[in-house]
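S.K.: Below you'll find model_8.txt; it's compact mmCIF, C-alpha atoms.
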# COMPACT_ATOMS: atom_id res chain seq x y z
CA MET W 170 -11.96 -89.03 -35.47
CA ILE W 171 -12.46 -85.81 -37.41
CA ARG W 172 -12.66 -82.28 -36.06
CA TYR W 173 -16.26 -81.69 -37.11
CA GLU W 174 -17.65 -84.56 -35.03
CA CYS W 175 -15.76 -83.26 -31.98
CA LEU W 176 -17.14 -79.77 -32.56
CA GLU W 177 -20.67 -81.15 -32.93
CA LEU W 178 -20.38 -82.75 -29.49
CA LEU W 179 -18.90 -79.57 -28.07
CA ALA W 180 -21.63 -77.38 -29.58
CA ALA W 181 -24.26 -79.43 -27.78
CA LYS W 182 -22.61 -78.47 -24.46
CA MET W 183 -22.68 -74.71 -25.00
CA THR W 184 -24.59 -72.53 -22.57
CA ASP W 185 -22.87 -69.33 -21.45
CA GLN W 186 -19.27 -70.20 -22.25
CA LEU W 187 -17.12 -67.85 -24.29
CA VAL W 188 -15.49 -69.43 -27.34
CA VAL W 189 -12.49 -68.02 -29.20
CA THR W 190 -11.41 -69.59 -32.48
CA SER W 191 -8.36 -69.09 -34.62
CA GLN W 192 -8.31 -69.32 -38.37
CA SER W 193 -9.04 -71.56 -40.26
CA GLY W 194 -10.93 -74.90 -40.48
CA GLN W 195 -12.15 -74.85 -36.88
CA ARG W 196 -13.37 -71.26 -37.34
CA ILE W 197 -15.43 -72.21 -40.40
CA GLU W 198 -16.84 -75.38 -38.89
CA TRP W 199 -17.59 -73.84 -35.49
CA SER W 200 -19.38 -70.84 -37.00
CA HIS W 201 -21.47 -73.32 -39.01
CA LEU W 202 -22.37 -75.34 -35.90
CA SER W 203 -22.82 -72.53 -33.40
CA ARG W 204 -24.40 -69.09 -33.76
CA HIS W 205 -23.81 -68.34 -30.11
CA GLU W 206 -23.22 -64.66 -29.36
CA GLY W 207 -20.35 -65.67 -27.09
CA ASN W 208 -18.29 -66.80 -30.10
CA LEU W 209 -15.31 -64.66 -31.06
CA LEU W 210 -13.99 -65.73 -34.44
CA VAL W 211 -10.47 -64.31 -34.56
CA GLY W 212 -9.47 -63.91 -38.17
CA MET W 213 -5.82 -64.94 -38.06
CA MET W 214 -3.69 -67.84 -36.83
CA GLY W 215 -1.58 -67.67 -33.68
CA CYS W 216 -3.69 -65.20 -31.70
CA ALA W 217 -6.64 -67.14 -30.26
CA ILE W 218 -4.88 -68.57 -27.21
CA GLY W 219 -3.61 -65.13 -26.20
CA VAL W 220 -7.03 -63.52 -26.62
CA GLY W 221 -8.68 -66.40 -24.76
CA THR W 222 -6.15 -66.07 -21.94
CA GLY W 223 -6.90 -62.36 -21.60
CA LEU W 224 -10.62 -63.06 -21.47
CA ALA W 225 -10.14 -65.81 -18.91
CA LEU W 226 -8.08 -63.49 -16.69
CA ALA W 227 -10.52 -60.60 -17.04
CA LEU W 228 -13.56 -62.80 -16.36
CA PRO W 229 -12.40 -65.52 -13.97
CA HIS W 230 -15.99 -66.61 -13.26
CA ARG W 231 -16.67 -67.42 -16.94
CA LYS W 232 -15.54 -70.55 -18.75
CA VAL W 233 -13.44 -69.63 -21.77
CA ILE W 234 -12.87 -72.15 -24.56
CA VAL W 235 -10.24 -71.79 -27.28
CA LEU W 236 -10.52 -73.80 -30.50
CA ASP W 237 -7.14 -73.95 -32.16
CA SER W 238 -5.06 -76.01 -34.58
CA ASP W 239 -1.60 -77.54 -34.64
CA GLY W 240 -0.38 -75.00 -37.20
CA SER W 241 -1.71 -72.12 -35.14
CA VAL W 242 -0.20 -73.38 -31.87
CA LEU W 243 3.15 -73.91 -33.60
CA LEU W 244 2.96 -70.24 -34.60
CA SER W 245 2.54 -69.16 -30.98
CA LEU W 246 4.45 -71.67 -28.86
CA PHE W 247 5.38 -68.89 -26.45
CA ASN W 248 1.83 -69.14 -25.11
CA LEU W 249 2.68 -72.51 -23.54
CA ALA W 250 5.32 -71.06 -21.22
CA THR W 251 3.04 -68.26 -20.08
CA LEU W 252 0.10 -70.61 -19.50
CA GLY W 253 2.36 -73.07 -17.71
CA ASN W 254 2.72 -70.45 -15.02
CA LEU W 255 -0.66 -68.69 -15.14
CA GLN W 256 -2.90 -71.76 -15.54
CA PRO W 257 -6.24 -69.90 -15.44
CA LYS W 258 -8.70 -72.40 -13.99
CA ASN W 259 -11.49 -71.28 -16.31
CA LEU W 260 -9.60 -71.84 -19.57
CA VAL W 261 -9.96 -74.92 -21.78
CA ILE W 262 -7.93 -75.11 -24.98
CA TYR W 263 -8.74 -77.66 -27.66
CA VAL W 264 -6.06 -78.13 -30.29
CA PHE W 265 -7.32 -80.00 -33.33
CA ASP W 266 -4.11 -81.56 -34.58
CA ASN W 267 -4.46 -82.99 -38.08
CA GLY W 268 -0.74 -82.91 -38.76
CA VAL W 269 -1.04 -80.79 -41.89
CA TYR W 270 -1.47 -77.22 -43.02
CA SER W 271 -4.88 -78.09 -44.43
CA GLY W 272 -5.82 -74.51 -45.21
CA SER W 273 -2.87 -74.28 -47.59
CA ARG W 274 -4.71 -76.65 -49.94
CA ILE W 275 -1.56 -78.72 -50.40
CA SER W 276 -1.84 -80.40 -46.98
CA TYR W 277 1.82 -79.83 -46.30
CA PRO W 278 2.81 -81.68 -43.10
CA THR W 279 3.28 -79.76 -39.86
CA ALA W 280 5.90 -80.67 -37.27
CA THR W 281 3.32 -82.75 -35.39
CA SER W 282 3.18 -85.23 -38.25
CA GLY W 283 6.81 -85.94 -37.38
CA ASN W 284 8.36 -86.05 -33.95
CA THR W 285 6.67 -83.06 -32.29
CA ASP W 286 4.21 -83.76 -29.47
CA LEU W 287 2.23 -80.67 -28.48
CA ALA W 288 0.84 -82.14 -25.25
CA ALA W 289 4.35 -83.12 -24.14
CA MET W 290 5.55 -79.62 -24.97
CA ALA W 291 2.71 -78.14 -22.95
CA GLN W 292 3.56 -80.41 -20.02
CA GLY W 293 7.19 -79.38 -20.29
CA ALA W 294 6.08 -75.76 -20.21
CA GLY W 295 4.32 -76.42 -16.92
CA ILE W 296 0.73 -77.07 -18.01
CA LYS W 297 -0.25 -79.89 -15.69
CA ASN W 298 -3.47 -80.91 -17.38
CA ALA W 299 -2.22 -81.43 -20.95
CA VAL W 300 -3.51 -84.56 -22.65
CA THR W 301 -3.70 -86.15 -26.08
CA ILE W 302 -6.95 -87.68 -27.31
CA ARG W 303 -6.96 -90.12 -30.23
CA GLY W 304 -10.55 -91.34 -30.53
CA ILE W 305 -14.09 -90.02 -30.34
CA GLU W 306 -15.00 -92.05 -27.24
CA ASP W 307 -12.02 -90.55 -25.45
CA PHE W 308 -13.10 -87.11 -26.65
CA LYS W 309 -16.58 -87.69 -25.17
CA LYS W 310 -15.04 -88.67 -21.84
CA THR W 311 -11.80 -86.72 -21.39
CA GLY W 312 -12.35 -83.94 -23.91
CA LEU W 313 -15.83 -82.93 -22.85
CA GLY W 314 -14.96 -83.76 -19.24
CA ALA W 315 -12.44 -80.92 -19.27
CA LEU W 316 -15.38 -78.49 -19.38
CA GLU W 317 -16.60 -79.72 -16.01
CA GLN W 318 -13.27 -79.34 -14.22
CA HIS W 319 -12.14 -76.30 -12.26
CA GLN W 320 -8.72 -76.56 -13.84
CA MET W 321 -7.05 -75.30 -16.97
CA ALA W 322 -6.92 -77.94 -19.69
CA PHE W 323 -4.86 -78.23 -22.86
CA VAL W 324 -6.50 -80.95 -24.92
CA VAL W 325 -4.73 -82.06 -28.06
CA CYS W 326 -7.18 -83.92 -30.30
CA LYS W 327 -5.40 -86.00 -32.92
CA VAL W 328 -7.79 -85.87 -35.88
CA LYS W 329 -7.74 -87.09 -39.44
CA GLU W 330 -7.58 -84.36 -42.01
CA SER W 331 -11.06 -83.58 -43.23
CA LEU W 332 -11.86 -81.30 -46.14
CA LEU W 333 -15.41 -80.79 -44.92
CA HIS W 334 -14.72 -77.16 -44.04
CA ARG W 335 -14.14 -76.43 -47.70
CA GLU W 336 -17.74 -77.45 -48.44
CA ILE W 337 -19.24 -75.38 -45.62
CA PRO W 338 -20.15 -71.74 -46.28
CA ARG W 339 -17.59 -69.47 -44.66
CA PRO W 340 -18.86 -67.11 -41.97
CA ASN W 341 -19.97 -63.85 -43.54
CA THR W 342 -19.89 -61.93 -40.26
CA ASP W 343 -17.46 -59.04 -40.43
CA LEU W 344 -14.78 -59.12 -37.73
CA ALA W 345 -15.94 -55.81 -36.23
CA GLU W 346 -19.57 -56.99 -36.31
CA ASN W 347 -18.57 -60.19 -34.52
CA LYS W 348 -16.63 -58.19 -31.93
CA TYR W 349 -19.59 -55.94 -31.13
CA THR W 350 -22.01 -58.87 -30.94
CA PHE W 351 -19.59 -60.57 -28.55
CA VAL W 352 -19.06 -57.46 -26.42
CA ARG W 353 -22.81 -56.68 -26.28
CA TYR W 354 -23.43 -60.26 -25.19
CA LEU W 355 -20.88 -59.83 -22.43
CA GLU W 356 -22.45 -56.53 -21.41
CA ARG W 357 -25.84 -58.20 -21.08
CA THR W 358 -24.63 -61.28 -19.27
CA GLU W 359 -22.15 -59.48 -17.02
CA GLY W 360 -24.50 -56.59 -16.29
CA LYS W 361 -21.95 -53.87 -16.94
CA THR W 362 -20.93 -51.66 -19.81
CA ASN W 363 -17.65 -52.34 -21.53
CA SER W 364 -15.56 -49.23 -20.99
CA PHE W 365 -14.21 -48.95 -24.50
CA ILE W 366 -17.52 -48.93 -26.31
CA GLY W 367 -18.01 -45.29 -25.40
CA ARG W 368 -20.74 -42.91 -26.48
CA GLY W 369 -21.47 -41.52 -29.92
CA MET T 296 14.07 -42.75 -14.53
CA GLN T 297 13.71 -41.12 -11.14
CA GLU T 298 11.48 -42.83 -8.63
CA GLU T 299 9.06 -39.91 -8.48
CA LEU T 300 8.62 -40.03 -12.26
CA ALA T 301 7.92 -43.77 -12.12
CA ASN T 302 5.31 -43.17 -9.43
CA ARG T 303 3.70 -40.41 -11.47
CA LEU T 304 3.65 -42.63 -14.54
CA VAL T 305 1.80 -45.42 -12.72
CA ARG T 306 -0.58 -42.93 -11.07
CA SER T 307 -1.24 -41.45 -14.51
CA LEU T 308 -2.06 -44.86 -15.97
CA LYS T 309 -4.51 -45.46 -13.12
CA GLY T 310 -5.93 -41.99 -13.61
CA ALA T 311 -6.58 -42.88 -17.25
CA GLY T 312 -8.50 -45.96 -16.13
CA VAL T 313 -5.84 -48.57 -16.86
CA ASN T 314 -6.38 -51.60 -14.63
CA PHE T 315 -4.74 -54.45 -16.57
CA VAL T 316 -1.14 -54.44 -17.81
CA THR T 317 0.73 -57.09 -19.77
CA TYR T 318 4.45 -56.71 -20.21
CA LEU T 319 7.90 -57.84 -21.10
CA PRO T 320 10.39 -55.79 -19.06
CA GLU T 321 13.08 -53.55 -20.53
CA THR T 322 15.61 -51.11 -19.12
CA ARG T 323 14.19 -47.59 -19.34
CA LEU T 324 10.85 -47.82 -17.52
CA SER T 325 11.27 -51.02 -15.50
CA GLN T 326 10.68 -49.26 -12.16
CA ILE T 327 6.96 -49.23 -12.98
CA VAL T 328 6.72 -53.04 -12.79
CA PRO T 329 6.90 -53.45 -8.99
CA LEU T 330 4.63 -50.42 -8.55
CA ILE T 331 1.95 -51.99 -10.75
CA ARG T 332 2.48 -55.43 -9.22
CA ASP T 333 1.95 -54.05 -5.72
CA ASP T 334 -1.18 -52.08 -6.64
CA ALA T 335 -4.25 -54.04 -5.60
CA GLU T 336 -6.40 -52.29 -8.20
CA MET T 337 -4.20 -53.31 -11.13
CA THR T 338 -3.51 -56.71 -12.68
CA LEU T 339 -0.01 -57.33 -14.01
CA ILE T 340 0.62 -60.23 -16.37
CA GLY T 341 4.06 -61.17 -17.64
CA ALA T 342 4.26 -62.49 -21.19
CA ALA T 343 6.87 -64.51 -23.04
CA ASN T 344 7.05 -61.97 -25.83
CA GLU T 345 5.34 -58.81 -26.97
CA GLN T 346 3.13 -60.53 -29.55
CA GLU T 347 1.60 -62.51 -26.75
CA ALA T 348 1.40 -59.46 -24.48
CA VAL T 349 -0.72 -57.70 -27.12
CA THR T 350 -3.13 -60.62 -27.59
CA ILE T 351 -3.64 -61.15 -23.84
CA ALA T 352 -4.26 -57.43 -23.33
CA ALA T 353 -6.71 -57.43 -26.23
CA GLY T 354 -8.64 -60.33 -24.72
CA ALA T 355 -8.78 -58.54 -21.38
CA THR T 356 -10.07 -55.39 -23.08
CA LEU T 357 -12.85 -57.33 -24.78
CA GLY T 358 -13.63 -58.75 -21.34
CA GLY T 359 -14.16 -55.26 -19.93
CA LYS T 360 -10.72 -54.20 -18.71
CA GLN T 361 -8.84 -51.06 -19.74
CA ALA T 362 -5.57 -52.64 -20.78
CA ALA T 363 -2.06 -51.43 -21.49
CA VAL T 364 0.99 -53.24 -22.84
CA TYR T 365 4.40 -52.26 -21.50
CA MET T 366 7.30 -53.14 -23.77
CA GLU T 367 10.57 -52.01 -25.30
CA ASN T 368 10.21 -50.45 -28.72
CA THR T 369 11.85 -53.52 -30.26
CA GLY T 370 8.66 -55.26 -29.17
CA ILE T 371 6.77 -53.30 -31.82
CA PHE T 372 8.62 -55.29 -34.46
CA VAL T 373 7.89 -58.54 -32.61
CA SER T 374 4.22 -57.75 -32.05
CA SER T 375 3.35 -56.09 -35.36
CA TYR T 376 1.42 -59.20 -36.47
CA SER T 377 -0.89 -59.25 -33.44
CA LEU T 378 -1.18 -55.45 -33.41
CA LEU T 379 -2.66 -55.76 -36.90
CA ALA T 380 -4.45 -59.13 -36.61
CA VAL T 381 -6.18 -58.28 -33.33
CA GLY T 382 -5.58 -54.62 -32.46
CA LYS T 383 -6.43 -53.10 -35.81
CA GLN T 384 -8.59 -55.78 -37.47
CA LEU T 385 -10.86 -56.23 -34.47
CA GLY T 386 -10.53 -52.60 -33.41
CA VAL T 387 -9.33 -53.04 -29.85
CA PRO T 388 -8.08 -50.00 -27.91
CA LEU T 389 -4.80 -50.60 -26.10
CA LEU T 390 -2.29 -48.24 -24.57
CA LEU T 391 1.24 -49.19 -25.58
CA ILE T 392 3.71 -48.01 -22.93
CA ILE T 393 7.03 -48.14 -24.73
CA GLY T 394 10.61 -47.64 -23.62
CA TYR T 395 11.90 -45.82 -26.69
CA LEU T 396 15.43 -47.14 -27.07
CA GLY T 397 17.58 -45.85 -29.88
CA GLY T 398 15.47 -42.83 -30.70
CA VAL T 399 17.08 -39.38 -30.85
CA PRO T 400 15.86 -38.38 -27.35
CA ASP T 401 17.06 -41.67 -25.75
CA GLN T 402 19.64 -40.57 -23.15
CA ARG T 403 21.32 -43.98 -23.24
CA ASN T 404 21.34 -44.36 -27.00
CA SER T 405 24.13 -46.39 -28.59
CA PHE T 406 24.96 -48.27 -31.76
CA LEU T 407 23.18 -51.26 -30.23
CA TYR T 408 19.77 -49.58 -30.38
CA ALA T 409 19.92 -46.78 -32.93
CA THR T 410 18.94 -48.81 -36.01
CA LEU T 411 15.81 -50.17 -34.36
CA GLY T 412 15.02 -46.85 -32.71
CA ASN T 413 15.33 -45.07 -36.00
CA ARG T 414 12.70 -47.29 -37.64
CA THR T 415 10.24 -47.46 -34.74
CA ILE T 416 8.04 -44.50 -35.67
CA PRO T 417 7.94 -45.37 -39.39
CA VAL T 418 6.78 -48.89 -38.46
CA LEU T 419 4.09 -47.53 -36.12
CA GLU T 420 2.94 -45.26 -38.93
CA GLY T 421 2.93 -48.22 -41.30
CA LEU T 422 0.75 -50.13 -38.87
CA GLY T 423 -1.65 -47.20 -38.64
CA ILE T 424 -0.94 -46.69 -34.94
CA GLU T 425 -0.94 -43.12 -33.63
CA HIS T 426 1.88 -42.20 -31.27
CA MET T 427 3.15 -39.55 -28.85
CA VAL T 428 6.78 -39.11 -27.75
CA LEU T 429 7.24 -38.09 -24.09
CA VAL T 430 10.60 -36.75 -22.96
CA ASP T 431 9.75 -35.30 -19.53
CA GLY T 432 7.05 -35.25 -16.87
CA ASP T 433 5.42 -32.07 -18.09
CA ARG T 434 1.62 -32.61 -18.14
CA LEU T 435 2.24 -36.36 -17.88
CA GLU T 436 -1.15 -37.13 -16.35
CA ALA T 437 -3.00 -35.14 -19.01
CA LYS T 438 -1.00 -36.65 -21.87
CA ILE T 439 -1.72 -40.22 -20.77
CA LYS T 440 -5.41 -39.41 -20.38
CA ASP T 441 -5.33 -37.91 -23.89
CA ALA T 442 -3.73 -41.08 -25.23
CA ALA T 443 -6.27 -43.36 -23.54
CA ARG T 444 -9.13 -41.23 -24.85
CA ALA T 445 -7.66 -41.36 -28.35
CA ALA T 446 -7.18 -45.14 -28.21
CA ASN T 447 -10.77 -45.62 -27.12
CA ALA T 448 -12.13 -43.19 -29.71
CA LEU T 449 -10.10 -44.72 -32.53
CA ARG T 450 -10.71 -48.31 -31.34
CA SER T 451 -7.01 -48.88 -31.89
CA PRO T 452 -3.72 -49.37 -30.09
CA PHE T 453 -2.06 -46.03 -29.31
CA ALA T 454 1.70 -45.82 -28.66
CA LEU T 455 3.32 -43.71 -25.94
CA LEU T 456 7.08 -43.61 -26.55
CA PHE T 457 9.10 -42.68 -23.44
CA ALA T 458 12.60 -41.21 -23.80
CA GLY T 459 14.45 -38.13 -22.51
CA GLU T 460 14.12 -37.92 -18.69
CA PHE T 461 12.42 -41.32 -18.71
CA SER T 462 15.58 -42.88 -20.16
CA GLU T 463 18.08 -41.36 -17.73
Translate this structure into structure tokens?

M.R.:
Amino acid sequence: MIRYECLELLAAKMTDQLVVTSQSGQRIEWSHLSRHEGNLLVGMMGCAIGVGTGLALALPHRKVIVLDSDGSVLLSLFNLATLGNLQPKNLVIYVFDNGVYSGSRISYPTATSGNTDLAAMAQGAGIKNAVTIRGIEDFKKTGLGALEQHQMAFVVCKVKESLLHREIPRPNTDLAENKYTFVRYLERTEGKTNSFIGRG
Amino acid sequence: MQEELANRLVRSLKGAGVNFVTYLPETRLSQIVPLIRDDAEMTLIGAANEQEAVTIAAGATLGGKQAAVYMENTGIFVSSYSLLAVGKQLGVPLLLIIGYLGGVPDQRNSFLYATLGNRTIPVLEGLGIEHMVLVDGDRLEAKIKDAARAANALRSPFALLFAGEFSE
């Protein structure tokens, strides 16, 4: 199983969900697969789960999806303890765990290529619905099934490293441009003006 | 901090439109936590550290809330990455409500805090985050409204550093 085939299946399920990605491979691949205005492509590692949590809390009636990586989650493990207690029912986190820092171009192994088990850590932090998926059929069933549940999910997808994202054009949308597209989309679909946009 | 000052601080935040607060508690301003928690119009979310508090508040702001982050000034060092990666890069207004330990006006300053307090404002300046130091309740409501307006206009975090009477 590679990340891109999971994302292809996920992209086919998108309607009005909000999707937050961290850097790097999943951001490039997702932006290639989905031009949805509800995509927020956060430019750095270790921030997407926090931003997604804030969105999920602010908009409890909207499904919020976070696309993250093992390296990024390892950078922000404190999120697990907070989510273990908050457990927003509208939040689904997919962690594409390839066991390496693929973006480094030397594929240096992360802790998950050794003894570290992110789903077990999430469970230990109190996240009840934390699972590990190891094949595409399981992703179709359990991974995509998480979208239909009224329960927070932390889905660790064990994927083979793929260098496909290096062949795909990187998103050329400026971070501020992406933010405004995202916020305008929310304004339209929520029927209210975001307070911080202000007037010129 | 006297109870009346804590009440005025929370009323001032509400008056500035703040309705979502993430936090990691500290010693100087901690009386505001139960006041916010018990206010039905405000959401209070505890975080494991200040970096997380900033990212959750940023997400809530993008989702339409007017968010603040309450932290000790040592949290600025912890959260500098997310303040830049999300707050500045994405341009997300946030009010930072900061117990300013170790600064000159801190009434409980000691060798434990002074080094970090001494470098707090230079770090904020390095991050490109505007700040205001408050040492008493004079024009508190107006100052917090000013800060919220500035954060929204700049599309940036804005730091309010509380010391003096707030640290007694």

S.K.: Would you write out, as CSV, a table of all residues in chain W that have an atom no more than 8 Å from an atom of chain T, listing for each the closest atom pair and the distance in Å to one decimal, considering all atoms listed in the file and ordering rows by chain and rising residue number?

M.R.:
residue,atom,partner,partner_atom,distance
W:Val211,CA,T:Val381,CA,7.5
W:Gly212,CA,T:Ala380,CA,7.1
W:Met213,CA,T:Ala380,CA,6.1
W:Cys216,CA,T:Thr350,CA,6.2
W:Ala217,CA,T:Thr350,CA,7.9
W:Gly219,CA,T:Ile351,CA,4.6
W:Val220,CA,T:Gly354,CA,4.0
W:Gly221,CA,T:Gly354,CA,6.1
W:Thr222,CA,T:Ile351,CA,5.8
W:Gly223,CA,T:Gly354,CA,4.1
W:Leu224,CA,T:Gly354,CA,4.7
W:Ala225,CA,T:Ala355,CA,7.8
W:Leu226,CA,T:Ala355,CA,6.9
W:Ala227,CA,T:Ala355,CA,5.1
W:Leu228,CA,T:Gly358,CA,6.4
W:Ser245,CA,T:Glu347,CA,7.9
W:Phe247,CA,T:Ala343,CA,5.7
W:Asn248,CA,T:Glu347,CA,6.8
W:Ala250,CA,T:Ala343,CA,7.0
W:Thr251,CA,T:Ala342,CA,6.0
W:Leu344,CA,T:Leu385,CA,5.9
W:Ala345,CA,T:Leu385,CA,5.4
W:Lys348,CA,T:Leu385,CA,6.6
W:Val352,CA,T:Leu357,CA,6.4
W:Leu355,CA,T:Gly358,CA,7.4
W:Thr362,CA,T:Gly359,CA,7.7
W:Asn363,CA,T:Gly359,CA,4.8
W:Ser364,CA,T:Gly359,CA,6.3
W:Phe365,CA,T:Asn447,CA,5.5
W:Ile366,CA,T:Asn447,CA,7.6
W:Gly367,CA,T:Asn447,CA,7.4

S.K.: Counting only C-alpha atoms, write as a list of chain:residue names all protein and nucleic acid residues lying at most 7 Å from (0.3, -40.1, -15.1) in the file's frame.

M.R.: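 Result, sorted by chain then residue number: T:Arg303, T:Leu304, T:Val305, T:Arg306, T:Ser307, T:Leu308, T:Gly310, T:Leu435, T:Glu436, T:Ile439.
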
S.K.: Mind checking which residues fall within 7 Å of W:Ile234, counting all atoms listed in the file, ignoring those fewer than 3 positions away in the same chain, and posting them as a PyMOL selection string?

M.R.: chain W and resi 187-189+260-262

S.K.: Rounded to one decimal, what separation in Å do you get between atom CA of T:Ala363 and atom CA of T:Ser325?

M.R.: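 Taking atom CA of T:Ala363 as the start and atom CA of T:Ser325 as the end point, the length is 14.6 Å.
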
S.K.: Give me, as a PyMOL selection string, all polymer residues having an atom no more than 9 Å from stretch 178-181 of chain W, counting all atoms listed in the file and skipping those fewer than 2 positions away in the same chain.

M.R.: chain W and resi 173-176+183-184+199+202-203+308-309+312-313
